[in-house]
file start16.txt (compact mmCIF, C-alpha atoms)
# COMPACT_ATOMS: atom_id res chain seq x y z
CA MET R 1 54.24 87.75 108.60
CA ALA R 2 57.88 88.39 109.50
CA LYS R 3 59.48 90.55 112.16
CA VAL R 4 62.19 92.95 110.96
CA PHE R 5 64.02 95.00 113.59
CA GLY R 6 61.02 94.63 115.89
CA VAL R 7 58.46 95.57 113.21
CA GLU R 8 55.83 93.03 112.12
CA VAL R 9 55.87 93.14 108.31
CA SER R 10 52.83 91.73 106.53
CA SER R 11 54.48 89.93 103.60
CA ASP R 12 57.77 88.21 102.82
CA LYS R 13 58.36 90.51 99.85
CA MET R 14 58.02 93.67 101.92
CA ALA R 15 59.95 92.07 104.76
CA GLY R 16 62.87 91.58 102.37
CA ILE R 17 62.70 95.21 101.26
CA ALA R 18 62.46 96.42 104.87
CA LYS R 19 65.36 94.23 105.99
CA LYS R 20 67.69 95.45 103.23
CA LEU R 21 66.64 99.06 103.81
CA LEU R 22 67.25 98.94 107.56
CA TRP R 23 70.53 97.03 107.23
CA ALA R 24 71.74 99.57 104.67
CA HIS R 25 71.08 102.37 107.15
CA CYS R 26 72.74 100.39 109.94
CA CYS R 27 75.86 100.31 107.76
CA VAL R 28 75.48 104.06 107.10
CA VAL R 29 75.31 104.72 110.84
CA PHE R 30 78.34 102.52 111.57
CA MET R 31 80.52 104.01 108.82
CA THR R 32 79.62 107.64 109.44
CA VAL R 33 79.78 107.47 113.24
CA LEU R 34 83.17 105.72 113.15
CA GLY R 35 84.47 108.24 110.61
CA GLY R 36 83.11 111.13 112.67
CA ILE R 37 84.73 109.92 115.89
CA LEU R 38 88.08 109.39 114.16
CA SER R 39 87.84 112.81 112.51
CA ILE R 40 87.20 114.49 115.87
CA VAL R 41 90.09 112.57 117.45
CA GLY R 42 92.33 113.65 114.58
CA ASN R 43 91.31 117.30 114.95
CA VAL R 44 91.82 117.30 118.72
CA THR R 45 95.18 115.55 118.38
CA MET R 46 96.37 117.94 115.69
CA THR R 47 95.22 121.03 117.63
CA ALA R 48 97.01 119.92 120.80
CA ALA R 49 100.22 119.20 118.90
CA ILE R 50 100.13 122.57 117.12
CA ASP R 51 99.47 124.48 120.36
CA ASP R 52 102.26 122.69 122.21
CA LEU R 53 104.83 123.19 119.48
CA GLU R 54 103.86 126.83 118.92
CA ALA R 55 104.22 127.45 122.66
CA ASP R 56 107.70 125.92 122.67
CA THR R 57 108.93 127.57 119.48
CA ASN R 58 106.98 130.84 119.47
CA SER R 59 106.11 130.17 115.83
CA GLU R 60 102.94 129.69 113.83
CA ALA R 61 101.87 126.62 111.87
CA ASP R 62 101.16 127.26 108.21
CA ALA R 63 98.32 124.71 108.15
CA SER R 64 96.52 125.67 111.37
CA GLU R 65 93.66 127.19 109.39
CA PHE R 66 92.52 123.68 108.44
CA ASN R 67 91.29 123.26 111.99
CA GLY R 68 88.43 125.01 113.76
CA ALA R 69 85.06 124.84 115.43
CA GLY R 70 83.32 124.44 112.09
CA SER R 71 84.89 121.04 111.47
CA TYR R 72 83.68 119.79 114.87
CA THR R 73 80.15 120.99 114.09
CA VAL R 74 80.12 119.18 110.75
CA ASP R 75 81.45 115.98 112.31
CA ILE R 76 78.96 116.02 115.19
CA LEU R 77 75.90 116.89 113.10
CA GLY R 78 76.69 115.24 109.78
CA ARG R 79 78.38 112.09 111.01
CA LEU R 80 77.02 111.44 114.50
CA ILE R 81 73.51 112.85 114.91
CA ILE R 82 71.87 112.89 111.46
CA PRO R 83 72.64 109.24 110.46
CA VAL R 84 71.23 107.92 113.76
CA CYS R 85 68.10 110.07 113.41
CA LEU R 86 67.71 108.91 109.80
CA PHE R 87 67.72 105.25 110.88
CA PHE R 88 64.81 105.83 113.25
CA LEU R 89 63.06 107.86 110.55
CA VAL R 90 63.31 104.86 108.22
CA ARG R 91 61.85 102.57 110.90
CA PHE R 92 59.02 105.02 111.54
CA ALA R 93 58.28 105.25 107.79
CA ILE R 94 58.08 101.44 107.60
CA GLN R 95 55.77 101.22 110.60
CA GLY R 96 53.43 103.85 109.17
CA ASN R 97 53.67 102.89 105.48
CA ASN R 98 54.48 106.57 105.01
CA GLN R 99 55.31 107.40 101.40
CA GLY R 100 56.20 110.99 102.22
CA LEU R 101 58.76 109.98 104.84
CA MET R 102 60.17 107.29 102.55
CA ARG R 103 60.57 109.88 99.80
CA CYS R 104 62.37 112.11 102.32
CA VAL R 105 64.64 109.21 103.30
CA CYS R 106 65.49 108.56 99.65
CA PHE R 107 66.33 112.23 99.11
CA THR R 108 68.43 112.38 102.30
CA ASP R 109 70.37 109.26 101.32
CA ALA R 110 71.11 110.81 97.93
CA CYS R 111 72.35 113.96 99.68
CA GLY R 112 74.50 111.71 101.86
CA ILE R 113 76.34 110.50 98.76
CA CYS R 114 77.35 114.10 97.97
CA LEU R 115 78.24 114.86 101.59
CA GLU R 116 80.45 111.79 101.92
CA PHE R 117 82.16 112.71 98.65
CA CYS R 118 82.87 116.17 100.11
CA GLY R 119 84.01 114.52 103.35
CA GLY R 120 86.48 112.43 101.39
CA ILE R 121 87.88 115.56 99.74
CA VAL R 122 88.22 117.25 103.15
CA SER R 123 90.04 114.16 104.46
CA VAL R 124 92.48 114.36 101.56
CA ILE R 125 93.05 118.03 102.37
CA MET R 126 93.74 117.08 106.00
CA ILE R 127 96.21 114.42 104.86
CA VAL R 128 98.07 117.11 102.91
CA ALA R 129 97.88 119.38 105.97
CA MET R 130 99.48 116.68 108.15
CA ILE R 131 102.35 116.36 105.67
CA VAL R 132 102.80 120.16 105.69
CA LEU R 133 102.70 120.27 109.50
CA LYS R 134 105.28 117.51 109.80
CA GLU R 135 107.61 119.38 107.44
CA TRP R 136 107.05 122.54 109.48
CA ALA R 137 107.98 120.69 112.68
CA GLU R 138 111.07 119.22 111.05
CA ASP R 139 112.20 122.68 109.86
CA GLU R 140 111.97 124.24 113.33
CA GLU R 141 115.49 124.53 114.73
CA CYS R 142 116.40 124.12 118.38
CA ILE R 143 119.38 126.34 119.24
CA ASP R 144 121.25 126.48 122.52
CA TYR R 145 121.40 130.27 123.06
CA GLY R 146 119.28 133.24 122.20
CA TYR R 147 116.18 131.12 121.82
CA TRP R 148 112.79 132.88 121.85
CA ASN R 149 111.10 130.79 124.55
CA ASP R 150 110.49 133.01 127.60
CA ASP R 151 110.48 130.20 130.16
CA PRO R 152 113.67 130.55 132.24
CA ASN R 153 113.65 126.80 132.86
CA TRP R 154 113.41 126.02 129.17
CA THR R 155 116.27 123.98 127.73
CA HIS R 156 117.46 122.78 124.37
CA GLU R 157 116.29 119.29 125.29
CA ASP R 158 112.77 120.63 125.88
CA CYS R 159 112.66 121.97 122.36
CA MET R 160 113.95 118.73 120.87
CA LYS R 161 111.40 116.70 122.81
CA ALA R 162 108.55 119.03 121.80
CA ARG R 163 109.53 118.74 118.17
CA GLU R 164 109.81 114.97 118.27
CA ASP R 165 106.45 114.67 120.09
CA ALA R 166 104.78 116.90 117.52
CA MET R 167 106.17 114.91 114.60
CA SER R 168 104.97 111.70 116.21
CA VAL R 169 101.48 113.16 116.71
CA PHE R 170 101.33 114.39 113.12
CA ASP R 171 102.26 110.88 111.92
CA THR R 172 99.42 109.44 114.02
CA ALA R 173 96.98 112.07 112.76
CA LEU R 174 98.06 111.31 109.18
CA ILE R 175 97.11 107.64 109.65
CA ILE R 176 93.78 108.66 111.22
CA TYR R 177 92.87 110.88 108.27
CA ILE R 178 93.84 108.17 105.78
CA VAL R 179 91.41 105.83 107.55
CA VAL R 180 88.77 108.60 107.59
CA ALA R 181 89.21 109.08 103.83
CA ILE R 182 88.75 105.34 103.24
CA LEU R 183 85.65 105.33 105.46
CA ALA R 184 84.25 108.30 103.52
CA CYS R 185 84.60 106.33 100.26
CA LEU R 186 82.94 103.29 101.83
CA SER R 187 80.19 105.47 103.31
CA MET R 188 79.52 106.94 99.88
CA LEU R 189 79.02 103.43 98.48
CA VAL R 190 76.77 102.48 101.41
CA CYS R 191 74.72 105.64 100.86
CA CYS R 192 74.26 104.58 97.23
CA TRP R 193 72.98 101.22 98.48
CA ALA R 194 70.66 102.91 101.00
CA THR R 195 69.32 105.24 98.28
CA LYS R 196 68.57 102.29 96.02
CA GLU R 197 66.76 100.41 98.80
CA ALA R 198 64.79 103.51 99.81
CA ASN R 199 63.76 104.00 96.19
CA ASP R 200 62.60 100.36 95.98
CA ALA R 201 60.56 100.83 99.17
CA GLN R 202 59.03 104.04 97.79
CA ASN R 203 58.08 102.30 94.54
CA ALA R 204 56.51 99.41 96.43
CA LEU R 205 54.42 101.77 98.57
CA THR R 206 53.35 103.69 95.48
CA ALA R 207 52.24 100.41 93.87
CA GLY R 208 49.91 99.75 96.82
CA GLU R 209 52.13 97.39 98.81
CA VAL R 210 52.40 97.99 102.55
CA PHE R 211 54.86 97.01 105.23
CA VAL R 212 52.30 96.83 108.04
CA GLY R 213 48.61 95.95 107.66
CA ALA R 214 46.53 94.83 104.67
CA PRO R 215 47.52 95.89 101.13
CA VAL R 216 45.72 99.02 99.93
CA GLN R 217 44.56 97.40 96.67
CA ALA R 218 43.00 94.48 98.53
CA VAL R 219 41.05 96.82 100.84
CA GLN R 220 39.79 98.88 97.90
CA GLY R 221 38.71 95.69 96.12
CA GLU R 222 36.63 94.65 99.11
CA VAL R 223 34.88 98.03 99.19
CA VAL R 224 34.05 97.88 95.47
CA VAL R 225 32.66 94.36 95.80
CA GLY R 226 30.56 95.39 98.79
CA LYS R 227 28.96 98.25 96.85
CA ALA R 228 28.18 95.96 93.93
CA ASP R 229 26.38 93.52 96.22
CA GLN R 230 24.24 96.28 97.70
CA GLN R 231 23.07 97.33 94.25
call {"tool": "encode", "arguments": {"input": "start16.txt", "output": "structure tokens"}}
result
Amino acid sequence: MAKVFGVEVSSDKMAGIAKKLLWAHCCVVFMTVLGGILSIVGNVTMTAAIDDLEADTNSEADASEFNGAGSYTVDILGRLIIPVCLFFLVRFAIQGNNQGLMRCVCFTDACGICLEFCGGIVSVIMIVAMIVLKEWAEDEECIDYGYWNDDPNWTHEDCMKAREDAMSVFDTALIIYIVVAILACLSMLVCCWATKEANDAQNALTAGEVFVGAPVQAVQGEVVVGKADQQ
């Protein structure tokens, strides 16, 4: 009997399956949570830079529609909450030898492959958006007179500083989204691994193997033998 993540597994074979399955989902949690945090940071950084530059130039960013509350919802649910909940679901399925939950885990991991692929595409779109935003900031001109900022204390230097700050932020956000895109690709590979391990666990449970307790086939054999003796 071996202990895997605090669970007493009855055989070395099933302990190996459980260990690989749980480690795969640990990697899923790490990759997706890190990517989600970086994505949120990138969105917040980009939004602040757009708002500041629009306030100083009285203009509108062409790529501002790439940002919004929907992206935060997807990052929080899809990359922060669901992977963590899925890890505990896997542990619960192992503890209860639950084929139904293991089948659900396998299906969810497969869906994760598609979601991470879509996340990678979104990250590429955001990379393009950062390039567009930087070009927009570079094209904004700071003139000495007749400028459209209503602040009486506003100066030409204020405009130049706002533009330089925005360009610097867009460069930082560009790097963040490149990292997020790489993490999405890695997460997709890890989800493939997790799906494979969940499928192996499901097949083992279907064959009568168990993670916790006595094997189902052995128990049934004892019952059959007992009935034969009584006759």
call {"tool": "atom_distance", "arguments": {"input": "start16.txt", "atom1": "atom CA of Cys106 of chain R", "atom2": "atom CA of Ala198 of chain R"}}
result
5.1 Å
call {"tool": "closest_residue", "arguments": {"input": "start16.txt", "among": "R:Val169, R:Val28, R:Ala48, R:Ala214", "to": "Thr195 of chain R", "atoms": "all atoms listed in the file"}}
result
R:Val28
call {"tool": "closest_residue", "arguments": {"input": "start16.txt", "among": "R:Ala166, R:Ala24, R:Leu53, R:Ile82", "to": "Leu189 of chain R", "atoms": "all atoms listed in the file"}}
result
R:Ala24
call {"tool": "residues_around", "arguments": {"input": "start16.txt", "residues": "Ile182 of chain R", "least_positions_apart": "4", "cutoff": "12 Å", "atoms": "only C-alpha atoms", "output": "PyMOL selection string"}}
result
chain R and resi 31-32+34-35+38-39+116-117+119-124+127+175-178+186-189
call {"tool": "closest_residue", "arguments": {"input": "start16.txt", "among": "R:Thr108, R:Gln95, R:Thr206, R:Asn199", "to": "Gly6 of chain R", "atoms": "all atoms listed in the file"}}
result
R:Gln95
call {"tool": "closest_residue", "arguments": {"input": "start16.txt", "among": "R:Val105, R:Met46, R:Cys118, R:Ile76", "to": "Asp171 of chain R", "atoms": "all atoms listed in the file"}}
result
R:Met46
call {"tool": "atom_distance", "arguments": {"input": "start16.txt", "atom1": "atom CA of Gln202 of chain R", "atom2": "atom CA of Leu115 of chain R"}}
result
22.4 Å
call {"tool": "residues_around", "arguments": {"input": "start16.txt", "residues": "Leu89 of chain R", "least_positions_apart": "5", "cutoff": "9 Å", "atoms": "only C-alpha atoms", "output": "ChimeraX atom specification"}}
result
/R:84,94,101-102,105
call {"tool": "closest_residue", "arguments": {"input": "start16.txt", "among": "R:Cys159, R:Met14, R:Val180, R:Cys26", "to": "Trp193 of chain R", "atoms": "only C-alpha atoms"}}
result
R:Cys26
call {"tool": "atom_distance", "arguments": {"input": "start16.txt", "atom1": "atom CA of Val128 of chain R", "atom2": "atom CA of Ile40 of chain R"}}
result
17.1 Å
call {"tool": "closest_residue", "arguments": {"input": "start16.txt", "among": "R:Gly36, R:Ala15, R:Lys161, R:Cys192", "to": "Ile113 of chain R", "atoms": "all atoms listed in the file"}}
result
R:Cys192
call {"tool": "residues_around", "arguments": {"input": "start16.txt", "residues": "Glu138 of chain R", "least_positions_apart": "4", "cutoff": "9 Å", "atoms": "only C-alpha atoms", "output": "PyMOL selection string"}}
result
chain R and resi 133-134+163-164+167
